[in-house]
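A.B. asks: Once you've had a glance at the structure underneath, I'll fire off some questions.
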Amino acid sequence: MCGIVGFVGAEQAAPILLDGLTRLEYRGYDSAGLAVYDPERGLQLTKAKGRLKALADLTNGGNSVPGTVGIGHTRWATHGEPSYANSHPHLSNSGRIAVVHNGIIENYLEIKEYLISQGVTFHSETDTEVVVQLLEYYYKGDIVDAAFKVLHRIEGSYALGIVCADQPDQLVAARKDSPLVLGYGEGCNFIASDVTALIKYTKTVSYMEDGELAVVTRDGIQVYNNLRQPIEKEKSIVDWDISDAEKGGYEHFMFKEIMEQPEVLRKAAFPRIKNGRVELEALSLTDDFIRQLSRICIVACGSSYHVGMVGKYILEGLLRKPVDVALASEFRYASPIIDENSLVIVISQSGETLDTMAALREAKRLGAKTLGIVNVVGSTIAKESDDVLYTWAGPEIAVATTKAYSSQLIVLGLLGVYFTQVLGTMPDDEREELLRQIQLLPSKMEEMLSYTEDIQYFASQFFNHESIFFIGRNLDYAMGLEGSLKLKEISYIHSEAYAAGELKHGTISLIVPGTLVVALATYDPLFDKAVSNIVEVKSRGATVLGLTTEGRESQMGKVADAVITIPETHPLLLPSLSVVPLQLFAYYVALQRGCDIDKPRNLAKSVTVE
Ligand code: AGP
């Protein structure tokens, strides 16, 4: 996903823009650029393919680019290959207007054809260039007026940063479906794709809504709604520090975030457990609604979808109500059977995943109550859900999610327990024991994280495999999905997660001598079944890495080639512990393979395109 930073103030803009873009690197990109207004030379454009270092080297860390107003961008290509011409900022043909953009202009071809028919020349394959050339087409001396006209003409998703050489003391920003944050500094102001880029300079921010346009000067920010009416934006104070968004001595953000999980669980769960009951922040969900609930549908993407897969087992076990899990990208095209008696739970770390956002809007259109489980405060999904439960995991920088996954899982579990309190489907003593076990999870996880050498060793044995299977039953199957994705996305090894009982219906044909199978068998009621599946693959020559609870270690050791164990806990909490070795295995395998762990190829931290 692209990154945007803008600055207006008294200091030199370029070094600040570069610093902000550096903190957005985790979003994934393939080129970067700056546009800064130089009082002597006008708008100066500097762009570079590849990593931000190339741009920093080109501009001597920004010091060779004078000017106190500017915009910066890291590009994750959607239209047009990574190249100088396609990288942002894009300049109008007069050289007086520059634009950076995150999102997709869906009707760009139609507009491009029209502008070409009007004699406008284009220099890139991007959809974004249409915005800057259209701005110039409408520009009659007032860039804000031209911007409003453009916003009424373009369709699709956008976060825009605009700077015009004729009004060099201001930036213009606009958003629809792609996040854009306004930062309020001392004698300076900012725009950025997310708070991480600003937090070093200011913790006072506001979040732009769809259809809004902001005029940013060093003395203030004026926001307008889509009717051009000035509006007052609510300001909020970011509750974490820049150090949370830095590596803190770890080699990778991913490892740091794996290690942060015990504390993240404490932050997400403990404030919501009081006197043996779950107490959630104010929800609009009434007890009557919960009692008449006909269906719960969990909708998400990627690892957040995998949280839903685990959640199905947990919620159905607790509530005895049907719980479906849907891929967000499929949900809205599948004519979902949703109505006013349905609850749609959308799960998203970033709160900006377009597939999930679109599914949320479809669910609301169909009349469902919606609840978001989201990490990024003020994000679009958080704001558009009827209710939101924040996961309070702090900024997650690594593209491969770990701590956010764990916090989503525990929050979803707490929501389930909260529902049992309304439905009366769980005896008090059982609920109190489950909550007590939740409070023990962080220390058990710390115990696991204190010794990762065994997993590091297994990774050193298996990092050269070209295909790795994860098999399991029930909760273990759902966990296998996450273990497989973690491995794929950072080590680039092909992997598949399979319901262990399903393997014999076809896929077992792929098991040949030496195939690595990670067999999850933590869910005790099905342990014996899981063992028989291990024997099944072993008989075809597979190498089996077994994952089970400490109490089953010796039995697993009789059938598997190697065994990883997790501490005993409540059956419904097993995934919260078993995910840790799966994360570590993926991490160490990727480390052995020399992969770019925090910024895997082709991936972005939040996918704000369909
Ligand atoms: C997980 O490691 C991936 N980065 C990806 O699958 C991610 O979970 C997915 O894109 C959903 O993102 P979200 O939680 O921000 O909506």
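Ligands are numbered from 1 in the order shown, residues from 1 within each chain, and chains are lettered A, B, ... in the order they appear in the structure tokens.
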Ligand 1: which residues are within 9 Å, counting only C-alpha atoms and all ligand atoms? Reply as JSON, numbers by chain.

C.D. replies: {"A": [300, 301, 302, 303, 304, 305, 306, 346, 347, 348, 349, 350, 351, 352, 353, 354, 355, 356, 357, 374, 375, 376, 398, 399, 400, 401, 402, 404, 405, 482, 485, 486, 489, 490, 603, 604, 605, 606, 607]}

A.B. asks: Which residues in stretch 488-549 of chain A does DSSP call alpha helix (DSSP H)? List them as a list of chain:residue names.

C.D. replies: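 Here are the alpha helix (DSSP H) residues of stretch 488-549 of chain A: A:Lys488, A:Glu489, A:Ile490, A:Ser491, A:Phe527, A:Asp528, A:Lys529, A:Ala530, A:Val531, A:Ser532, A:Asn533, A:Ile534, A:Val535, A:Glu536, A:Val537, A:Lys538.
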
A.B. asks: Using all heavy atoms, can you export the residues from the last selection as a compact mmCIF listing (two decimals), in the first residue's frame?

C.D. replies:
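Wrote again25.txt, looks like this:
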```
# COMPACT_ATOMS: atom_id res chain seq x y z
N LYS A 488 4.46 -19.08 4.18
CA LYS A 488 4.46 -18.69 2.76
C LYS A 488 4.88 -17.24 2.59
O LYS A 488 5.72 -16.92 1.76
CB LYS A 488 3.05 -18.85 2.18
CG LYS A 488 2.71 -20.25 1.73
CD LYS A 488 1.35 -20.27 1.07
CE LYS A 488 0.23 -20.32 2.10
NZ LYS A 488 -1.08 -20.66 1.49
N GLU A 489 4.27 -16.37 3.39
CA GLU A 489 4.42 -14.94 3.07
C GLU A 489 5.81 -14.41 3.39
O GLU A 489 6.22 -13.42 2.78
CB GLU A 489 3.33 -14.12 3.74
CG GLU A 489 3.33 -14.05 5.23
CD GLU A 489 2.23 -13.13 5.74
OE1 GLU A 489 1.88 -12.16 5.06
OE2 GLU A 489 1.71 -13.41 6.82
N ILE A 490 6.56 -15.07 4.27
CA ILE A 490 7.88 -14.48 4.56
C ILE A 490 9.04 -15.36 4.10
O ILE A 490 10.14 -14.86 3.91
CB ILE A 490 8.05 -14.14 6.06
CG1 ILE A 490 7.99 -15.36 6.94
CG2 ILE A 490 7.05 -13.10 6.49
CD1 ILE A 490 8.37 -15.06 8.40
N SER A 491 8.79 -16.66 3.86
CA SER A 491 9.90 -17.52 3.42
C SER A 491 9.77 -17.89 1.95
O SER A 491 10.68 -18.45 1.35
CB SER A 491 9.92 -18.82 4.24
OG SER A 491 8.86 -19.68 3.81
N PHE A 527 -6.92 -36.12 19.58
CA PHE A 527 -5.50 -36.44 19.52
C PHE A 527 -5.26 -37.77 18.82
O PHE A 527 -4.43 -37.89 17.92
CB PHE A 527 -4.91 -36.48 20.92
CG PHE A 527 -3.43 -36.79 20.93
CD1 PHE A 527 -2.49 -35.80 20.68
CD2 PHE A 527 -2.98 -38.10 21.14
CE1 PHE A 527 -1.13 -36.09 20.65
CE2 PHE A 527 -1.63 -38.40 21.11
CZ PHE A 527 -0.70 -37.39 20.88
N ASP A 528 -6.01 -38.79 19.19
CA ASP A 528 -5.80 -40.12 18.58
C ASP A 528 -6.06 -40.09 17.07
O ASP A 528 -5.34 -40.69 16.28
CB ASP A 528 -6.71 -41.16 19.24
CG ASP A 528 -6.30 -41.40 20.71
OD1 ASP A 528 -5.13 -41.06 21.05
OD2 ASP A 528 -7.13 -41.86 21.51
N LYS A 529 -7.08 -39.33 16.68
CA LYS A 529 -7.35 -39.20 15.24
C LYS A 529 -6.17 -38.54 14.55
O LYS A 529 -5.75 -38.92 13.45
CB LYS A 529 -8.60 -38.35 15.02
CG LYS A 529 -9.89 -38.95 15.51
CD LYS A 529 -10.41 -39.97 14.56
CE LYS A 529 -11.76 -40.53 15.01
NZ LYS A 529 -12.05 -41.79 14.34
N ALA A 530 -5.64 -37.50 15.21
CA ALA A 530 -4.51 -36.78 14.63
C ALA A 530 -3.30 -37.71 14.49
O ALA A 530 -2.60 -37.69 13.47
CB ALA A 530 -4.15 -35.59 15.50
N VAL A 531 -3.12 -38.56 15.47
CA VAL A 531 -1.99 -39.51 15.41
C VAL A 531 -2.16 -40.46 14.23
O VAL A 531 -1.23 -40.74 13.48
CB VAL A 531 -1.88 -40.28 16.74
CG1 VAL A 531 -0.97 -41.49 16.58
CG2 VAL A 531 -1.36 -39.37 17.84
N SER A 532 -3.40 -40.88 13.99
CA SER A 532 -3.60 -41.81 12.86
C SER A 532 -3.30 -41.10 11.54
O SER A 532 -2.78 -41.69 10.60
CB SER A 532 -5.02 -42.36 12.87
OG SER A 532 -5.94 -41.31 12.74
N ASN A 533 -3.59 -39.82 11.48
CA ASN A 533 -3.25 -39.07 10.25
C ASN A 533 -1.73 -38.94 10.10
O ASN A 533 -1.19 -38.93 9.00
CB ASN A 533 -3.90 -37.71 10.25
CG ASN A 533 -5.42 -37.79 10.21
OD1 ASN A 533 -6.12 -37.14 11.00
ND2 ASN A 533 -5.94 -38.60 9.31
N ILE A 534 -1.05 -38.81 11.23
CA ILE A 534 0.42 -38.73 11.16
C ILE A 534 0.98 -40.05 10.64
O ILE A 534 1.84 -40.09 9.75
CB ILE A 534 0.99 -38.40 12.56
CG1 ILE A 534 0.61 -36.98 12.96
CG2 ILE A 534 2.50 -38.60 12.59
CD1 ILE A 534 0.97 -36.61 14.39
N VAL A 535 0.44 -41.15 11.16
CA VAL A 535 0.89 -42.47 10.69
C VAL A 535 0.63 -42.61 9.20
O VAL A 535 1.45 -43.12 8.42
CB VAL A 535 0.17 -43.59 11.49
CG1 VAL A 535 0.48 -44.95 10.91
CG2 VAL A 535 0.59 -43.51 12.97
N GLU A 536 -0.50 -42.07 8.76
CA GLU A 536 -0.89 -42.11 7.35
C GLU A 536 0.19 -41.48 6.47
O GLU A 536 0.65 -42.04 5.49
CB GLU A 536 -2.17 -41.28 7.21
CG GLU A 536 -3.21 -41.74 6.26
CD GLU A 536 -4.51 -40.97 6.56
OE1 GLU A 536 -4.48 -39.71 6.41
OE2 GLU A 536 -5.51 -41.59 6.94
N VAL A 537 0.63 -40.29 6.85
CA VAL A 537 1.61 -39.58 6.01
C VAL A 537 3.00 -40.17 6.20
O VAL A 537 3.80 -40.24 5.27
CB VAL A 537 1.61 -38.06 6.27
CG1 VAL A 537 0.27 -37.45 5.85
CG2 VAL A 537 1.94 -37.72 7.71
N LYS A 538 3.27 -40.65 7.42
CA LYS A 538 4.56 -41.28 7.66
C LYS A 538 4.72 -42.50 6.76
O LYS A 538 5.79 -42.77 6.21
CB LYS A 538 4.69 -41.72 9.13
CG LYS A 538 4.93 -40.62 10.12
CD LYS A 538 6.34 -40.03 9.99
CE LYS A 538 7.42 -41.01 10.39
NZ LYS A 538 8.76 -40.45 10.18
```

A.B. asks: At a cut-off of 7 Å, using only C-alpha atoms, what residues contact A:Ile162? Leave out same-chain residues fewer than 6 positions from it and give the result as a list in words.

C.D. replies: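 What passes the distance filter is Ala98, Val99, Val100, Leu171, Val172 and Ala173 of chain A.
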
A.B. asks: Show which residues sit within 10 Å of stretch 421-423 of chain A, as a list in words. Count only C-alpha atoms, and ignore same-chain residues fewer than 3 positions away.

C.D. replies: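 Once the adjacent positions are removed, what remains is Arg277, Val278, Glu279, Thr286, Asp287, Asp288, Ile290, Arg291, Gln292, Leu318, Leu319, Arg320, Leu415, Gly416, Val417, Tyr418, Met426, Pro427, Asp428 and Arg431 of chain A.
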
A.B. asks: What does the distance from atom CA of A:Leu151 to atom CA of A:Val377 come to in Å, to one decimal?

C.D. replies: 26.1 Å

A.B. asks: Residues within 10 Å of A:Leu526, please, as a ChimeraX atom specification. Count only C-alpha atoms; anything in the same chain fewer than 4 positions from it doesn't count.

C.D. replies: /A:472-474,476,521-522,530-531

A.B. asks: Quick one: everything within 6 Å of stretch 28-32 of chain A, counting only C-alpha atoms, minus sequence neighbours fewer than 3 positions away in the same chain. Send it as a ChimeraX atom specification.

C.D. replies: /A:25,47-50,73-76,82,87,604

A.B. asks: Considering only C-alpha atoms, can you say which of A:Lys383, A:Arg218, A:Arg96, A:Lys312 comes closest to A:Tyr139?

C.D. replies: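 Of the candidates, the smallest distance to A:Tyr139 is held by A:Arg96.
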
A.B. asks: Hey, which of A:Cys164, A:Val216, A:Leu17, A:Ala519 ends up closest to A:Tyr201? Count only C-alpha atoms.

C.D. replies: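 Residue with the minimum atom-to-atom distance to A:Tyr201: A:Leu17.
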
A.B. asks: Which is closest to A:Gly187 among A:Ile231, A:Val8, A:Ala245, A:Leu18, if we use only C-alpha atoms?

C.D. replies: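 For A:Gly187, the nearest of the given residues is A:Val8.
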
A.B. asks: Closest to A:Glu106 among A:Thr128, A:Ser342, A:Ser407, A:Ser92, using only C-alpha atoms?

C.D. replies: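 That would be A:Thr128, the residue with the smallest distance to A:Glu106.
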
A.B. asks: Can you list, as a VMD selection string, every protein, DNA or RNA residue that comes within 9 Å of A:Ile508 when you count only C-alpha atoms, leaving out same-chain residues fewer than 3 positions away?

C.D. replies: chain A and resid 502 to 505 511 to 512 536 to 537 540

A.B. asks: Given the selection you just returned, output its residues as a file containing all heavy atoms, formatted as a PDB file, in the first residue's frame.

C.D. replies:
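Written output follows (selection_12.pdb):
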```pdb
ATOM      1  N   GLU A 502      -9.129 -34.879   5.881  1.00  0.00           N
ATOM      2  CA  GLU A 502      -9.491 -34.680   4.466  1.00  0.00           C
ATOM      3  C   GLU A 502      -8.350 -35.096   3.544  1.00  0.00           C
ATOM      4  O   GLU A 502      -8.534 -35.327   2.358  1.00  0.00           O
ATOM      5  CB  GLU A 502      -9.852 -33.207   4.255  1.00  0.00           C
ATOM      6  CG  GLU A 502     -10.218 -32.804   2.838  1.00  0.00           C
ATOM      7  CD  GLU A 502     -11.464 -33.519   2.313  1.00  0.00           C
ATOM      8  OE1 GLU A 502     -12.170 -34.152   3.137  1.00  0.00           O
ATOM      9  OE2 GLU A 502     -11.707 -33.482   1.095  1.00  0.00           O
ATOM     10  N   LEU A 503      -7.148 -35.175   4.102  1.00  0.00           N
ATOM     11  CA  LEU A 503      -5.948 -35.408   3.284  1.00  0.00           C
ATOM     12  C   LEU A 503      -6.102 -36.637   2.385  1.00  0.00           C
ATOM     13  O   LEU A 503      -5.758 -36.613   1.211  1.00  0.00           O
ATOM     14  CB  LEU A 503      -4.754 -35.593   4.233  1.00  0.00           C
ATOM     15  CG  LEU A 503      -3.371 -35.267   3.720  1.00  0.00           C
ATOM     16  CD1 LEU A 503      -3.278 -33.820   3.278  1.00  0.00           C
ATOM     17  CD2 LEU A 503      -2.335 -35.539   4.801  1.00  0.00           C
ATOM     18  N   LYS A 504      -6.673 -37.696   2.950  1.00  0.00           N
ATOM     19  CA  LYS A 504      -6.778 -38.981   2.221  1.00  0.00           C
ATOM     20  C   LYS A 504      -7.746 -38.875   1.033  1.00  0.00           C
ATOM     21  O   LYS A 504      -7.771 -39.743   0.180  1.00  0.00           O
ATOM     22  CB  LYS A 504      -7.245 -40.082   3.167  1.00  0.00           C
ATOM     23  CG  LYS A 504      -8.582 -39.815   3.852  1.00  0.00           C
ATOM     24  CD  LYS A 504      -8.889 -40.875   4.906  1.00  0.00           C
ATOM     25  CE  LYS A 504     -10.179 -40.577   5.665  1.00  0.00           C
ATOM     26  NZ  LYS A 504     -10.069 -39.390   6.523  1.00  0.00           N
ATOM     27  N   HIS A 505      -8.474 -37.783   0.959  1.00  0.00           N
ATOM     28  CA  HIS A 505      -9.433 -37.640  -0.160  1.00  0.00           C
ATOM     29  C   HIS A 505      -8.798 -36.962  -1.359  1.00  0.00           C
ATOM     30  O   HIS A 505      -9.483 -36.254  -2.105  1.00  0.00           O
ATOM     31  CB  HIS A 505     -10.662 -36.877   0.337  1.00  0.00           C
ATOM     32  CG  HIS A 505     -11.410 -37.591   1.414  1.00  0.00           C
ATOM     33  ND1 HIS A 505     -12.198 -38.697   1.190  1.00  0.00           N
ATOM     34  CD2 HIS A 505     -11.414 -37.407   2.757  1.00  0.00           C
ATOM     35  CE1 HIS A 505     -12.694 -39.134   2.334  1.00  0.00           C
ATOM     36  NE2 HIS A 505     -12.240 -38.369   3.309  1.00  0.00           N
ATOM     37  N   ILE A 511       2.106 -36.421  -0.998  1.00  0.00           N
ATOM     38  CA  ILE A 511       3.065 -36.765   0.056  1.00  0.00           C
ATOM     39  C   ILE A 511       4.015 -37.837  -0.472  1.00  0.00           C
ATOM     40  O   ILE A 511       3.598 -38.943  -0.820  1.00  0.00           O
ATOM     41  CB  ILE A 511       2.349 -37.275   1.315  1.00  0.00           C
ATOM     42  CG1 ILE A 511       1.291 -36.278   1.788  1.00  0.00           C
ATOM     43  CG2 ILE A 511       3.363 -37.567   2.429  1.00  0.00           C
ATOM     44  CD1 ILE A 511       1.839 -34.928   2.241  1.00  0.00           C
ATOM     45  N   VAL A 512       5.272 -37.458  -0.559  1.00  0.00           N
ATOM     46  CA  VAL A 512       6.296 -38.403  -1.035  1.00  0.00           C
ATOM     47  C   VAL A 512       7.406 -38.457   0.002  1.00  0.00           C
ATOM     48  O   VAL A 512       7.435 -37.623   0.913  1.00  0.00           O
ATOM     49  CB  VAL A 512       6.852 -37.944  -2.404  1.00  0.00           C
ATOM     50  CG1 VAL A 512       5.761 -37.969  -3.462  1.00  0.00           C
ATOM     51  CG2 VAL A 512       7.469 -36.551  -2.282  1.00  0.00           C
ATOM     52  N   GLU A 536      -0.500 -42.065   8.763  1.00  0.00           N
ATOM     53  CA  GLU A 536      -0.891 -42.111   7.348  1.00  0.00           C
ATOM     54  C   GLU A 536       0.192 -41.475   6.471  1.00  0.00           C
ATOM     55  O   GLU A 536       0.654 -42.043   5.485  1.00  0.00           O
ATOM     56  CB  GLU A 536      -2.169 -41.281   7.209  1.00  0.00           C
ATOM     57  CG  GLU A 536      -3.213 -41.740   6.264  1.00  0.00           C
ATOM     58  CD  GLU A 536      -4.514 -40.966   6.562  1.00  0.00           C
ATOM     59  OE1 GLU A 536      -4.479 -39.711   6.414  1.00  0.00           O
ATOM     60  OE2 GLU A 536      -5.505 -41.593   6.941  1.00  0.00           O
ATOM     61  N   VAL A 537       0.627 -40.287   6.846  1.00  0.00           N
ATOM     62  CA  VAL A 537       1.613 -39.582   6.007  1.00  0.00           C
ATOM     63  C   VAL A 537       3.004 -40.170   6.202  1.00  0.00           C
ATOM     64  O   VAL A 537       3.803 -40.237   5.265  1.00  0.00           O
ATOM     65  CB  VAL A 537       1.606 -38.059   6.269  1.00  0.00           C
ATOM     66  CG1 VAL A 537       0.270 -37.455   5.854  1.00  0.00           C
ATOM     67  CG2 VAL A 537       1.939 -37.719   7.709  1.00  0.00           C
ATOM     68  N   ARG A 540       3.837 -42.883   3.974  1.00  0.00           N
ATOM     69  CA  ARG A 540       4.187 -42.485   2.596  1.00  0.00           C
ATOM     70  C   ARG A 540       5.508 -41.725   2.541  1.00  0.00           C
ATOM     71  O   ARG A 540       5.818 -41.071   1.559  1.00  0.00           O
ATOM     72  CB  ARG A 540       3.022 -41.654   2.020  1.00  0.00           C
ATOM     73  CG  ARG A 540       1.836 -42.554   1.642  1.00  0.00           C
ATOM     74  CD  ARG A 540       0.501 -41.864   1.782  1.00  0.00           C
ATOM     75  NE  ARG A 540      -0.578 -42.757   1.394  1.00  0.00           N
ATOM     76  CZ  ARG A 540      -1.220 -43.568   2.231  1.00  0.00           C
ATOM     77  NH1 ARG A 540      -0.867 -43.582   3.511  1.00  0.00           N
ATOM     78  NH2 ARG A 540      -2.195 -44.355   1.811  1.00  0.00           N
TER      79      ARG A 540
END
```

A.B. asks: Please identify which residues in stretch 111-289 of chain A DSSP calls strand (DSSP E or B) from the backbone, and express them as a PyMOL selection string.

C.D. replies: chain A and resi 156-164+170-177+181-184+189-192+204-207+213-217+221-224+230-231+236-237+273-274+277-278

A.B. asks: Restricting the calculation to only C-alpha atoms: of A:Val388, A:Ala328, A:Ile116, A:Leu414, which residue gets closest to A:Gly276?

C.D. replies: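 Among the listed residues, the smallest separation from A:Gly276 belongs to A:Leu414.
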
A.B. asks: From the list A:Ala165, A:Gly3, A:Ser124, A:Pro39, which residue is nearest A:Ser193 when using only C-alpha atoms?

C.D. replies: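 Looking at the shortest contact to A:Ser193, the residue is A:Gly3.
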
A.B. asks: Hey, can you check how far atom CA of A:Asp19 sits from atom CA of A:Gly6?

C.D. replies: 11.2 Å

A.B. asks: How close does stretch 413-503 of chain A get to stretch 583-602 of chain A? List, as a tab-separated table, each residue of stretch 413-503 of chain A within 10 Å, its nearest atom pair and the distance in Å to one decimal, counting only C-alpha atoms.

C.D. replies:
```
residue	atom	partner	partner_atom	distance
A:Leu449	CA	A:Leu584	CA	9.2
A:Thr452	CA	A:Leu584	CA	7.6
A:Glu453	CA	A:Tyr588	CA	9.9
A:Asp454	CA	A:Phe585	CA	9.6
A:Ile455	CA	A:Phe585	CA	5.8
A:Gln456	CA	A:Tyr588	CA	5.7
A:Tyr457	CA	A:Tyr588	CA	8.7
A:Phe458	CA	A:Phe585	CA	7.7
A:Ala459	CA	A:Val589	CA	4.9
A:Ser460	CA	A:Gln592	CA	6.7
A:Gln461	CA	A:Val589	CA	9.0
A:Phe462	CA	A:Val589	CA	7.4
A:Phe463	CA	A:Val589	CA	5.0
A:Asn464	CA	A:Arg593	CA	7.9
A:His465	CA	A:Val589	CA	9.8
A:Glu482	CA	A:Gln583	CA	8.6
A:Gly483	CA	A:Gln583	CA	6.7
A:Ser484	CA	A:Ala586	CA	8.4
A:Leu485	CA	A:Ala586	CA	8.9
A:Lys486	CA	A:Ala586	CA	5.8
A:Leu487	CA	A:Ala586	CA	4.4
A:Lys488	CA	A:Ala586	CA	8.0
A:Glu489	CA	A:Pro600	CA	6.7
A:Ile490	CA	A:Pro600	CA	5.5
A:Ser491	CA	A:Ala590	CA	4.2
A:Tyr492	CA	A:Ala590	CA	7.9
A:Ile493	CA	A:Ala590	CA	8.8
```

A.B. asks: Selected residues, N, CA, C and O atoms, written as a compact mmCIF listing (two decimals), in the first residue's frame, please.

C.D. replies:
```
# COMPACT_ATOMS: atom_id res chain seq x y z
N LEU A 449 8.40 -18.26 24.97
CA LEU A 449 9.28 -17.35 24.25
C LEU A 449 10.66 -17.27 24.88
O LEU A 449 11.59 -16.74 24.28
N THR A 452 13.49 -20.46 22.40
CA THR A 452 13.05 -20.65 21.01
C THR A 452 14.09 -21.46 20.22
O THR A 452 13.93 -21.66 19.02
N GLU A 453 15.14 -21.91 20.91
CA GLU A 453 16.21 -22.61 20.20
C GLU A 453 15.73 -23.89 19.52
O GLU A 453 16.20 -24.24 18.43
N ASP A 454 14.77 -24.61 20.11
CA ASP A 454 14.34 -25.85 19.47
C ASP A 454 13.70 -25.55 18.11
O ASP A 454 13.98 -26.19 17.10
N ILE A 455 12.90 -24.50 18.07
CA ILE A 455 12.24 -24.16 16.81
C ILE A 455 13.26 -23.64 15.80
O ILE A 455 13.21 -23.94 14.61
N GLN A 456 14.23 -22.89 16.33
CA GLN A 456 15.31 -22.41 15.46
C GLN A 456 16.05 -23.60 14.84
O GLN A 456 16.35 -23.62 13.64
N TYR A 457 16.24 -24.66 15.65
CA TYR A 457 16.93 -25.87 15.15
C TYR A 457 16.10 -26.53 14.06
O TYR A 457 16.60 -26.85 12.98
N PHE A 458 14.79 -26.70 14.31
CA PHE A 458 13.95 -27.34 13.30
C PHE A 458 13.96 -26.53 12.00
O PHE A 458 14.02 -27.06 10.89
N ALA A 459 13.94 -25.23 12.15
CA ALA A 459 13.96 -24.39 10.94
C ALA A 459 15.25 -24.63 10.16
O ALA A 459 15.25 -24.67 8.93
N SER A 460 16.34 -24.82 10.88
CA SER A 460 17.61 -25.06 10.18
C SER A 460 17.60 -26.40 9.46
O SER A 460 18.32 -26.61 8.50
N GLN A 461 16.76 -27.33 9.92
CA GLN A 461 16.67 -28.65 9.27
C GLN A 461 15.76 -28.60 8.05
O GLN A 461 15.91 -29.38 7.12
N PHE A 462 14.79 -27.72 8.07
CA PHE A 462 13.72 -27.81 7.06
C PHE A 462 13.65 -26.61 6.12
O PHE A 462 12.78 -26.53 5.27
N PHE A 463 14.56 -25.64 6.23
CA PHE A 463 14.37 -24.41 5.47
C PHE A 463 14.54 -24.59 3.97
O PHE A 463 14.16 -23.76 3.17
N ASN A 464 15.10 -25.75 3.58
CA ASN A 464 15.32 -25.96 2.14
C ASN A 464 14.17 -26.68 1.46
O ASN A 464 14.23 -26.95 0.27
N HIS A 465 13.13 -26.99 2.22
CA HIS A 465 12.01 -27.69 1.59
C HIS A 465 11.29 -26.76 0.62
O HIS A 465 11.22 -25.56 0.84
N GLU A 482 -3.09 -20.57 9.60
CA GLU A 482 -2.25 -19.42 9.94
C GLU A 482 -0.78 -19.81 9.87
O GLU A 482 0.05 -19.04 9.36
N GLY A 483 -0.45 -20.99 10.33
CA GLY A 483 0.96 -21.42 10.26
C GLY A 483 1.45 -21.48 8.83
O GLY A 483 2.56 -21.06 8.51
N SER A 484 0.57 -21.95 7.95
CA SER A 484 0.94 -22.06 6.54
C SER A 484 1.11 -20.69 5.90
O SER A 484 2.08 -20.44 5.17
N LEU A 485 0.21 -19.77 6.20
CA LEU A 485 0.31 -18.43 5.61
C LEU A 485 1.56 -17.72 6.10
O LEU A 485 2.29 -17.11 5.32
N LYS A 486 1.83 -17.78 7.37
CA LYS A 486 3.04 -17.15 7.93
C LYS A 486 4.27 -17.64 7.18
O LYS A 486 5.13 -16.87 6.79
N LEU A 487 4.32 -18.98 6.99
CA LEU A 487 5.50 -19.53 6.32
C LEU A 487 5.58 -19.04 4.89
O LEU A 487 6.62 -18.58 4.42
N LYS A 488 4.46 -19.08 4.18
CA LYS A 488 4.46 -18.69 2.76
C LYS A 488 4.88 -17.24 2.59
O LYS A 488 5.72 -16.92 1.76
N GLU A 489 4.27 -16.37 3.39
CA GLU A 489 4.42 -14.94 3.07
C GLU A 489 5.81 -14.41 3.39
O GLU A 489 6.22 -13.42 2.78
N ILE A 490 6.56 -15.07 4.27
CA ILE A 490 7.88 -14.48 4.56
C ILE A 490 9.04 -15.36 4.10
O ILE A 490 10.14 -14.86 3.91
N SER A 491 8.79 -16.66 3.86
CA SER A 491 9.90 -17.52 3.42
C SER A 491 9.77 -17.89 1.95
O SER A 491 10.68 -18.45 1.35
N TYR A 492 8.60 -17.62 1.37
CA TYR A 492 8.31 -17.91 -0.04
C TYR A 492 8.31 -19.42 -0.33
O TYR A 492 8.38 -19.82 -1.49
N ILE A 493 8.22 -20.25 0.70
CA ILE A 493 8.08 -21.70 0.48
C ILE A 493 6.60 -21.99 0.23
O ILE A 493 5.75 -21.54 0.99
```

A.B. asks: Kindly give the distance, in Å, that separates atom CA of A:Met309 and atom CA of A:Val325, rounded to a single decimal.

C.D. replies: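 Taking atom CA of A:Met309 and atom CA of A:Val325, their separation equals 6.3 Å.
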